[in-house]
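Shown next: structure-v7.txt, given as compact mmCIF, C-alpha atoms.
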```txt
# COMPACT_ATOMS: atom_id res chain seq x y z
CA MET A 1 7.97 -13.48 -50.72
CA TYR A 2 11.39 -15.11 -51.25
CA TYR A 3 13.29 -11.84 -50.91
CA ILE A 4 16.04 -13.58 -48.95
CA TYR A 5 15.56 -17.13 -50.22
CA PHE A 6 16.56 -16.61 -53.88
CA PRO A 7 19.80 -14.70 -53.15
CA PHE A 8 20.61 -17.38 -50.57
CA ILE A 9 20.24 -20.33 -52.96
CA VAL A 10 22.14 -18.49 -55.71
CA ILE A 11 25.08 -17.89 -53.38
CA LEU A 12 24.85 -21.41 -51.95
CA SER A 13 24.75 -23.11 -55.37
CA GLY A 14 27.59 -20.84 -56.54
CA LEU A 15 29.75 -21.92 -53.61
CA MET A 16 28.90 -25.53 -54.34
CA PHE A 17 29.90 -25.06 -57.99
CA VAL A 18 33.27 -23.59 -56.96
CA GLU A 19 33.77 -26.46 -54.52
CA CYS A 20 33.02 -29.00 -57.24
CA ARG A 21 35.55 -27.41 -59.61
CA ARG A 22 38.23 -27.33 -56.93
CA ARG A 23 37.75 -30.96 -55.93
CA ASN A 24 36.83 -32.39 -59.36
CA LEU A 25 33.39 -33.36 -58.19
CA PRO A 26 30.27 -33.63 -60.35
CA LYS A 27 29.16 -30.13 -61.21
CA TRP A 28 25.52 -31.16 -61.33
CA TRP A 29 25.66 -31.13 -57.53
CA ALA A 30 25.41 -27.33 -57.75
CA ALA A 31 22.23 -27.65 -59.82
CA VAL A 32 20.72 -30.00 -57.24
CA VAL A 33 21.60 -27.58 -54.43
CA PHE A 34 19.98 -24.75 -56.40
CA ALA A 35 16.78 -26.78 -56.85
CA ALA A 36 16.74 -28.20 -53.33
CA PRO A 37 18.98 -26.40 -50.80
CA VAL A 38 18.09 -28.95 -48.11
CA THR A 39 20.30 -31.48 -49.93
CA THR A 40 23.40 -29.40 -49.12
CA PRO A 41 24.27 -31.33 -45.91
CA TYR A 42 24.34 -34.58 -47.93
CA PHE A 43 26.92 -33.19 -50.35
CA ILE A 44 28.93 -31.65 -47.50
CA PHE A 45 29.33 -34.97 -45.74
CA LYS A 46 29.91 -36.81 -49.02
CA SER A 47 32.65 -34.51 -50.34
CA ARG A 48 34.60 -33.74 -47.17
CA LYS A 49 36.40 -35.69 -44.50
CA PHE A 50 37.34 -32.72 -42.36
CA LYS A 51 35.39 -29.72 -41.08
CA ARG A 52 32.15 -31.34 -42.17
CA LEU A 53 30.38 -30.58 -38.92
CA THR A 54 31.54 -26.95 -38.97
CA LEU A 55 30.26 -26.41 -42.51
CA TYR A 56 27.01 -28.16 -41.64
CA LEU A 57 26.43 -25.88 -38.63
CA ILE A 58 27.20 -22.80 -40.76
CA PHE A 59 24.70 -23.99 -43.37
CA LEU A 60 22.09 -24.76 -40.71
CA GLY A 61 22.50 -21.32 -39.12
CA CYS A 62 22.19 -19.55 -42.48
CA PHE A 63 19.21 -21.65 -43.50
CA LEU A 64 17.37 -20.92 -40.25
CA PHE A 65 18.15 -17.22 -40.67
CA VAL A 66 16.62 -17.28 -44.16
CA VAL A 67 13.51 -19.14 -42.98
CA VAL A 68 12.93 -16.77 -40.05
CA GLY A 69 13.64 -13.73 -42.23
CA GLU A 70 11.21 -14.84 -44.92
CA PHE A 71 8.51 -15.54 -42.33
CA HIS A 72 9.00 -12.10 -40.80
CA ILE A 73 8.82 -10.34 -44.18
CA TYR A 74 5.78 -12.39 -45.18
CA SER A 75 3.97 -11.59 -41.92
CA LYS A 76 4.75 -7.90 -42.27
CA MET A 77 3.55 -7.74 -45.87
CA LYS A 78 0.46 -9.79 -45.07
CA ALA A 79 -0.47 -7.33 -42.33
CA GLU A 80 0.21 -4.38 -44.62
CA TYR A 81 -1.83 -5.65 -47.56
CA LYS A 82 -4.46 -7.74 -45.73
CA TYR A 83 -7.26 -5.37 -46.78
CA ASP A 84 -6.32 -5.05 -50.46
CA ASN A 85 -9.02 -7.49 -51.55
CA LEU A 86 -11.74 -5.42 -49.87
CA PRO A 87 -13.69 -2.56 -51.51
CA PRO A 88 -12.02 0.88 -51.14
CA VAL A 89 -14.81 2.16 -48.89
CA THR A 90 -14.43 -0.77 -46.51
CA ARG A 91 -10.65 -0.37 -46.43
CA GLN A 92 -10.97 3.29 -45.53
CA LEU A 93 -13.52 2.50 -42.84
CA ILE A 94 -11.16 -0.03 -41.29
CA ARG A 95 -8.33 2.51 -41.29
CA TYR A 96 -10.50 5.14 -39.62
CA SER A 97 -11.75 2.64 -37.06
CA GLU A 98 -8.19 1.55 -36.23
CA ILE A 99 -7.17 5.19 -35.78
CA LEU A 100 -10.14 5.70 -33.46
CA LYS A 101 -9.20 2.65 -31.39
CA LEU A 102 -5.60 3.83 -31.09
CA THR A 103 -6.46 7.41 -30.13
CA THR A 104 -9.09 6.20 -27.66
CA GLN A 105 -6.53 3.93 -26.00
CA ASN A 106 -3.94 6.72 -25.87
CA LEU A 107 -6.44 9.11 -24.31
CA ASP A 108 -7.48 6.48 -21.81
CA ASP A 109 -3.86 5.90 -20.77
CA ASP A 110 -3.27 9.64 -20.36
CA LEU A 111 -6.41 10.10 -18.24
CA VAL A 112 -5.34 7.27 -15.96
CA GLU A 113 -1.95 8.95 -15.65
CA LEU A 114 -3.61 12.30 -14.92
CA GLU A 115 -5.73 10.72 -12.21
CA GLN A 116 -2.52 9.48 -10.58
CA ARG A 117 -0.90 12.90 -10.95
CA SER A 118 -3.91 14.80 -9.60
CA LYS A 119 -2.39 14.47 -6.13
CA VAL A 120 0.49 16.74 -7.13
CA GLN A 121 3.15 17.29 -4.51
CA SER A 122 3.76 20.91 -3.56
CA LYS A 123 7.10 21.16 -5.31
CA VAL A 124 7.96 23.49 -8.15
CA GLU A 125 9.31 20.70 -10.39
CA LYS A 126 6.17 18.60 -9.85
CA LEU A 127 3.96 21.54 -10.75
CA LYS A 128 5.89 22.14 -13.96
CA GLN A 129 5.80 18.46 -14.94
CA THR A 130 2.04 18.29 -14.48
CA ILE A 131 1.48 21.49 -16.49
CA VAL A 132 3.48 19.98 -19.36
CA PHE A 133 1.57 16.69 -19.08
CA ILE A 134 -1.80 18.49 -19.29
CA GLY A 135 -0.63 20.01 -22.59
CA GLU A 136 0.22 16.51 -23.88
CA LEU A 137 -3.16 15.22 -22.74
CA ARG A 138 -4.91 17.99 -24.67
CA LEU A 139 -3.16 16.78 -27.82
CA ALA A 140 -4.42 13.24 -27.14
CA MET A 141 -7.95 14.61 -26.66
CA ASN A 142 -7.73 16.51 -29.93
CA ASP A 143 -6.46 13.44 -31.81
CA ASN A 144 -9.33 11.41 -30.43
CA GLN A 145 -11.92 14.03 -31.40
CA VAL A 146 -10.47 14.25 -34.92
CA ALA A 147 -10.65 10.46 -35.25
CA ILE A 148 -14.28 10.44 -34.08
CA LYS A 149 -15.23 13.25 -36.45
CA GLN A 150 -13.59 11.72 -39.52
CA LEU A 151 -15.21 8.33 -38.90
CA VAL A 152 -18.67 9.85 -38.36
CA GLN A 153 -18.40 12.05 -41.45
CA PHE A 154 -17.15 9.15 -43.55
CA VAL A 155 -20.07 6.98 -42.47
CA GLU A 156 -22.55 9.74 -43.27
CA LYS A 157 -21.00 10.23 -46.69
CA HIS A 158 -21.29 6.52 -47.56
CA ARG A 159 -24.52 5.78 -45.71
CA ASP A 160 -26.08 3.83 -48.60
CA PHE A 161 -23.04 1.56 -48.87
CA PHE A 162 -23.02 0.67 -45.16
CA ILE A 163 -26.76 0.08 -45.10
CA GLN A 164 -26.35 -2.29 -48.03
CA LYS A 165 -23.50 -4.12 -46.25
CA ASP A 166 -25.46 -4.24 -42.97
CA LEU A 167 -22.63 -2.63 -40.97
CA GLN A 168 -24.84 -1.51 -38.12
CA TRP A 169 -21.97 -1.33 -35.61
CA VAL A 170 -20.62 1.74 -37.40
CA TYR A 171 -23.82 3.64 -36.67
CA GLU A 172 -23.73 2.58 -33.03
CA ILE A 173 -20.31 4.22 -32.65
CA GLN A 174 -21.76 7.36 -34.16
CA ARG A 175 -24.77 7.23 -31.83
CA PHE A 176 -22.56 6.84 -28.77
CA TYR A 177 -20.31 9.81 -29.50
CA SER A 178 -23.28 11.95 -30.58
CA ASN A 179 -25.10 11.39 -27.29
CA ARG A 180 -25.53 14.46 -25.12
CA ILE A 181 -24.09 12.75 -22.03
CA VAL A 182 -20.84 11.91 -23.85
CA ILE A 183 -20.56 15.40 -25.36
CA VAL A 184 -21.17 17.16 -22.04
CA HIS A 185 -18.74 14.80 -20.30
CA PHE A 186 -16.02 15.67 -22.78
CA LYS A 187 -16.65 19.40 -22.31
CA SER A 188 -16.51 18.96 -18.54
CA LEU A 189 -13.13 17.27 -18.95
CA GLU A 190 -11.90 20.26 -20.94
CA ASN A 191 -13.21 22.59 -18.22
CA TYR A 192 -11.47 20.52 -15.54
CA LEU A 193 -8.15 20.67 -17.40
CA ASP A 194 -8.47 24.42 -17.93
CA ASN A 195 -9.09 25.12 -14.26
CA PHE A 196 -6.49 22.65 -13.04
CA GLU A 197 -3.84 24.09 -15.35
CA THR A 198 -4.75 27.68 -14.37
CA LEU A 199 -4.37 26.79 -10.70
CA LEU A 200 -1.07 25.00 -11.27
CA ARG A 201 0.36 27.86 -13.33
CA PHE A 202 -0.61 30.40 -10.67
CA CYS A 203 1.05 28.27 -7.98
CA TYR A 204 4.13 27.72 -10.14
CA GLN A 205 4.57 31.43 -10.86
CA ASN A 206 3.91 32.53 -7.27
CA PHE A 207 5.20 29.54 -5.36
CA ASP A 208 7.15 31.32 -2.61
CA LEU A 209 4.50 33.98 -2.02
CA ILE A 210 1.83 31.32 -1.54
CA THR A 211 3.78 28.75 0.50
CA LYS A 212 5.24 31.39 2.83
CA ALA A 213 1.92 33.28 3.07
CA GLU A 214 3.70 36.57 2.37
CA SER A 215 1.00 38.11 0.17
CA THR A 216 -2.66 38.43 1.14
CA ILE A 217 -3.63 39.23 -2.45
CA HIS A 218 -1.94 36.08 -3.79
CA LEU A 219 -3.56 33.93 -1.12
CA LYS A 220 -6.96 35.38 -1.98
CA ASN A 221 -6.35 34.71 -5.69
CA TYR A 222 -5.23 31.19 -4.83
CA ASP A 223 -8.49 30.58 -2.94
CA GLU A 224 -10.48 31.80 -5.96
CA TYR A 225 -8.56 29.61 -8.43
CA TYR A 226 -8.83 26.63 -6.08
CA PHE A 227 -12.59 27.14 -5.67
CA ARG A 228 -13.06 27.11 -9.48
CA TYR A 229 -10.85 24.06 -9.76
CA ARG A 230 -12.73 22.19 -7.04
CA ARG A 231 -16.08 23.05 -8.63
CA ALA A 232 -14.76 21.72 -11.98
CA VAL A 233 -13.59 18.49 -10.31
CA ASP A 234 -16.94 17.89 -8.62
CA SER A 235 -18.84 18.64 -11.82
CA HIS A 236 -16.69 16.35 -13.94
CA ASN A 237 -16.87 13.50 -11.42
CA ARG A 238 -20.68 13.72 -11.38
CA LEU A 239 -20.84 13.71 -15.18
CA ASN A 240 -18.33 10.88 -15.33
CA VAL A 241 -20.67 8.71 -13.27
CA LYS A 242 -23.48 9.41 -15.74
CA ARG A 243 -21.15 8.69 -18.68
CA ILE A 244 -20.11 5.36 -17.14
CA GLN A 245 -23.73 4.33 -16.54
CA PHE A 246 -24.69 5.28 -20.08
CA GLN A 247 -21.68 3.50 -21.58
CA ASN A 248 -22.28 0.30 -19.60
CA ASN A 249 -25.91 0.17 -20.72
CA PHE A 250 -24.87 0.93 -24.30
CA LEU A 251 -22.31 -1.89 -24.31
CA LYS A 252 -24.86 -4.38 -23.05
CA ARG A 253 -26.82 -3.74 -26.25
CA TYR A 254 -23.84 -3.38 -28.60
CA PRO A 255 -20.84 -5.28 -27.12
CA GLU A 256 -19.10 -5.44 -30.52
CA ILE A 257 -18.10 -1.77 -30.33
CA ARG A 258 -16.31 -2.04 -26.96
CA ALA A 259 -12.88 -1.43 -28.53
CA TYR A 260 -13.99 1.96 -29.87
CA LEU A 261 -15.25 3.38 -26.57
CA PRO A 262 -13.37 4.68 -23.50
CA ALA A 263 -11.96 1.82 -21.46
CA LYS A 264 -13.29 0.78 -18.06
CA ARG A 265 -10.19 2.23 -16.43
CA GLN A 266 -11.67 5.70 -16.91
CA THR A 267 -13.88 5.16 -13.87
CA GLU A 268 -11.80 6.67 -11.07
CA ALA A 269 -12.94 10.02 -9.73
CA PHE A 270 -10.29 12.72 -9.98
CA ARG A 271 -8.83 13.49 -6.58
CA LEU A 272 -8.54 17.02 -5.29
CA TRP A 273 -5.14 18.64 -5.31
CA GLU A 274 -4.32 20.37 -2.07
```
Written as structure tokens, that's how I'd like the structure from this file.
Amino acid sequence: MYYIYFPFIVILSGLMFVECRRRNLPKWWAAVVFAAPVTTPYFIFKSRKFKRLTLYLIFLGCFLFVVVGEFHIYSKMKAEYKYDNLPPVTRQLIRYSEILKLTTQNLDDDLVELEQRSKVQSKVEKLKQTIVFIGELRLAMNDNQVAIKQLVQFVEKHRDFFIQKDLQWVYEIQRFYSNRIVIVHFKSLENYLDNFETLLRFCYQNFDLITKAESTIHLKNYDEYYFRYRRAVDSHNRLNVKRIQFQNNFLKRYPEIRAYLPAKRQTEAFRLWE
């Protein structure tokens, strides 16, 4: 705190001291300005007949800048050190939970984007863009799984502490992500991405042969890849319905963990690419 304020009053009182020496004014004015900078306008109007308003506006602008700057620094430091008074285990739990919330939100956003991209236009550049996006989505999935794993392992390691503190919500997060429906749903999503990417890569690499129907072998391979892809879509959409039902029932019992679970936007069925 006062990272900007103290340099400001030192400079301000120094300028007032110089002004007092130049105009043969009482030098104790500088001491008063140092102790109470808000008195500066009084001395400005008392010592000057000209340019008083200009100096006052300059002072007001600088003073407001200092106040806003100090508030910003204070808010930033308060957010950074807000957990310092908590036990180390609790601080680490909060960090892990915040990472889980962030990665869950990022994954949710990417899945919504993928659902919108699942109707890929039959253009080479669109195919390439979607292939690249699937790779980015896999990174988001991995980050989310790492966040889940580190939170669950941390809770297991400090089970006695959390039982003592009655932090039941932590165990509910663990129960949700350990449920078979959630695990199978996640694996079905991986299977969907694998088959979708395989189909897109085949189309991207053999675009002309497929679109112009010049190769019977490539068309047959396309039908096989598309059949696997469609089966993966149907399977994932069925499992997604079960996951949504399970999650809704789970949240009715434990609404406090809503921020740590997939958002409601992950409810749209993936459309088939044709």
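Taking all atoms listed in the file, the non-local environment of A:Tyr229 within 9 Å (same-chain residues fewer than 4 positions away omitted) comprises A:Asn191, A:Tyr192, A:Leu193, A:Asp194, A:Asn195, A:Phe196, A:Glu197, A:Thr198, A:Leu199, A:Glu224, A:Tyr225, A:Val233, A:Asp234, A:Leu272.
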Check which residues of stretch 10-115 of chain A sit at most 12 Å from stretch 157-170 of chain A using only C-alpha atoms, and return one row each with the closest pair of atoms and their distance in Å to one decimal, ordered by chain and rising number, as CSV.
```
residue,atom,partner,partner_atom,distance
A:Pro87,CA,A:Phe161,CA,10.6
A:Pro88,CA,A:Phe161,CA,11.3
A:Val89,CA,A:His158,CA,7.9
A:Thr90,CA,A:Phe162,CA,8.8
A:Gln92,CA,A:His158,CA,11.0
A:Leu93,CA,A:Val170,CA,9.0
A:Ile94,CA,A:Val170,CA,10.4
A:Tyr96,CA,A:Val170,CA,10.9
A:Ser97,CA,A:Val170,CA,8.9
A:Leu100,CA,A:Val170,CA,11.9
```
Among the residues A:Gly69, A:Leu200, A:Gln174, A:Val152, the one that comes closest to A:Ile134 [using all atoms listed in the file]: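 For A:Ile134, the nearest of the candidates is A:Leu200.
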Nearest residue to A:Phe246 from the set A:Ser47, A:Asn179, A:Thr103, A:Asn206 (distances using all atoms listed in the file):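 Looking at the shortest contact to A:Phe246, the residue is A:Asn179.
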Minimum-distance residue to A:Thr40, chosen among A:Gly61, A:Pro26, A:Ile173, A:Leu12 (using all atoms listed in the file):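 Closest to A:Thr40 of all the choices is A:Leu12.
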Nearest to A:Val33, chosen from A:Tyr171, A:Phe154, A:Phe65, A:Phe8, with only C-alpha atoms counted in the distances: A:Phe8
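Taking atom CA of A:Arg22 as the reference point, atom CA of A:Pro7 is found at 22.7 Å.
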One-decimal distance in Å that lies between atom CA of A:Glu98 and atom CA of A:Ser188: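 Going from atom CA of A:Ser188 over to atom CA of A:Glu98 covers 26.2 Å.
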For A:Val32: contacts at 12 Å, all atoms listed in the file, fewer than 2 positions along chain excluded, given as a list in words: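 My list of contacting residues is Ile9, Val10, Leu12, Ser13, Gly14, Met16, Phe17, Pro26, Lys27, Trp28, Trp29, Ala30, Phe34, Ala35, Ala36, Pro37, Val38, Thr39, Thr40, Pro41, Tyr42 and Phe43 of chain A.
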Selected residue, from A:Phe186, A:Ala263, A:Arg258, A:Arg253, that lies nearest to A:Asn240 when counting all atoms listed in the file: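 When distances to A:Asn240 are compared using all atoms listed in the file, the smallest one comes from A:Phe186.
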Contacts of A:Leu137 within 9 Å, only C-alpha atoms, excl. fewer than 2 positions in-chain, as a list in words: Leu107, Asp110, Leu111, Leu114, Val132, Phe133, Ile134, Gly135, Leu139, Ala140, Met141 and Asn142 of chain A
Take the structure in the block and write a file for stretch 239-257 of chain A, N, CA and C atoms, as an mmCIF file, in the first residue's frame.
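Dumped everything to out_14.cif:
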```cif
data_model
loop_
_atom_site.group_PDB
_atom_site.id
_atom_site.type_symbol
_atom_site.label_atom_id
_atom_site.label_comp_id
_atom_site.auth_asym_id
_atom_site.auth_seq_id
_atom_site.Cartn_x
_atom_site.Cartn_y
_atom_site.Cartn_z
ATOM 1 N N LEU A 239 -24.676 -41.481 -24.620
ATOM 2 C CA LEU A 239 -24.010 -41.386 -23.313
ATOM 3 C C LEU A 239 -24.090 -39.974 -22.750
ATOM 4 N N ASN A 240 -24.129 -38.993 -23.627
ATOM 5 C CA ASN A 240 -24.232 -37.607 -23.152
ATOM 6 C C ASN A 240 -25.575 -37.371 -22.476
ATOM 7 N N VAL A 241 -26.623 -37.977 -22.993
ATOM 8 C CA VAL A 241 -27.941 -37.869 -22.363
ATOM 9 C C VAL A 241 -27.907 -38.460 -20.955
ATOM 10 N N LYS A 242 -27.279 -39.615 -20.817
ATOM 11 C CA LYS A 242 -27.153 -40.238 -19.491
ATOM 12 C C LYS A 242 -26.318 -39.365 -18.558
ATOM 13 N N ARG A 243 -25.218 -38.793 -19.093
ATOM 14 C CA ARG A 243 -24.378 -37.920 -18.264
ATOM 15 C C ARG A 243 -25.146 -36.696 -17.796
ATOM 16 N N ILE A 244 -25.961 -36.119 -18.672
ATOM 17 C CA ILE A 244 -26.750 -34.936 -18.313
ATOM 18 C C ILE A 244 -27.758 -35.283 -17.223
ATOM 19 N N GLN A 245 -28.440 -36.405 -17.372
ATOM 20 C CA GLN A 245 -29.417 -36.834 -16.370
ATOM 21 C C GLN A 245 -28.744 -37.056 -15.015
ATOM 22 N N PHE A 246 -27.607 -37.747 -15.047
ATOM 23 C CA PHE A 246 -26.878 -38.001 -13.810
ATOM 24 C C PHE A 246 -26.409 -36.697 -13.178
ATOM 25 N N GLN A 247 -25.873 -35.802 -13.990
ATOM 26 C CA GLN A 247 -25.361 -34.528 -13.461
ATOM 27 C C GLN A 247 -26.481 -33.675 -12.877
ATOM 28 N N ASN A 248 -27.622 -33.607 -13.546
ATOM 29 C CA ASN A 248 -28.742 -32.823 -13.028
ATOM 30 C C ASN A 248 -29.215 -33.363 -11.680
ATOM 31 N N ASN A 249 -29.321 -34.670 -11.558
ATOM 32 C CA ASN A 249 -29.731 -35.275 -10.283
ATOM 33 C C ASN A 249 -28.687 -35.025 -9.204
ATOM 34 N N PHE A 250 -27.411 -35.084 -9.598
ATOM 35 C CA PHE A 250 -26.324 -34.873 -8.649
ATOM 36 C C PHE A 250 -26.343 -33.434 -8.118
ATOM 37 N N LEU A 251 -26.602 -32.484 -9.017
ATOM 38 C CA LEU A 251 -26.611 -31.075 -8.616
ATOM 39 C C LEU A 251 -27.805 -30.723 -7.736
ATOM 40 N N LYS A 252 -28.890 -31.470 -7.882
ATOM 41 C CA LYS A 252 -30.034 -31.228 -6.999
ATOM 42 C C LYS A 252 -29.663 -31.536 -5.551
ATOM 43 N N ARG A 253 -28.802 -32.527 -5.371
ATOM 44 C CA ARG A 253 -28.369 -32.909 -4.025
ATOM 45 C C ARG A 253 -27.203 -32.053 -3.533
ATOM 46 N N TYR A 254 -26.326 -31.657 -4.465
ATOM 47 C CA TYR A 254 -25.119 -30.915 -4.073
ATOM 48 C C TYR A 254 -24.938 -29.696 -4.979
ATOM 49 N N PRO A 255 -25.820 -28.699 -4.869
ATOM 50 C CA PRO A 255 -25.760 -27.523 -5.763
ATOM 51 C C PRO A 255 -24.499 -26.687 -5.586
ATOM 52 N N GLU A 256 -23.815 -26.831 -4.441
ATOM 53 C CA GLU A 256 -22.641 -25.991 -4.173
ATOM 54 C C GLU A 256 -21.450 -26.337 -5.055
ATOM 55 N N ILE A 257 -21.486 -27.463 -5.745
ATOM 56 C CA ILE A 257 -20.341 -27.845 -6.576
ATOM 57 C C ILE A 257 -20.602 -27.578 -8.068
#
```
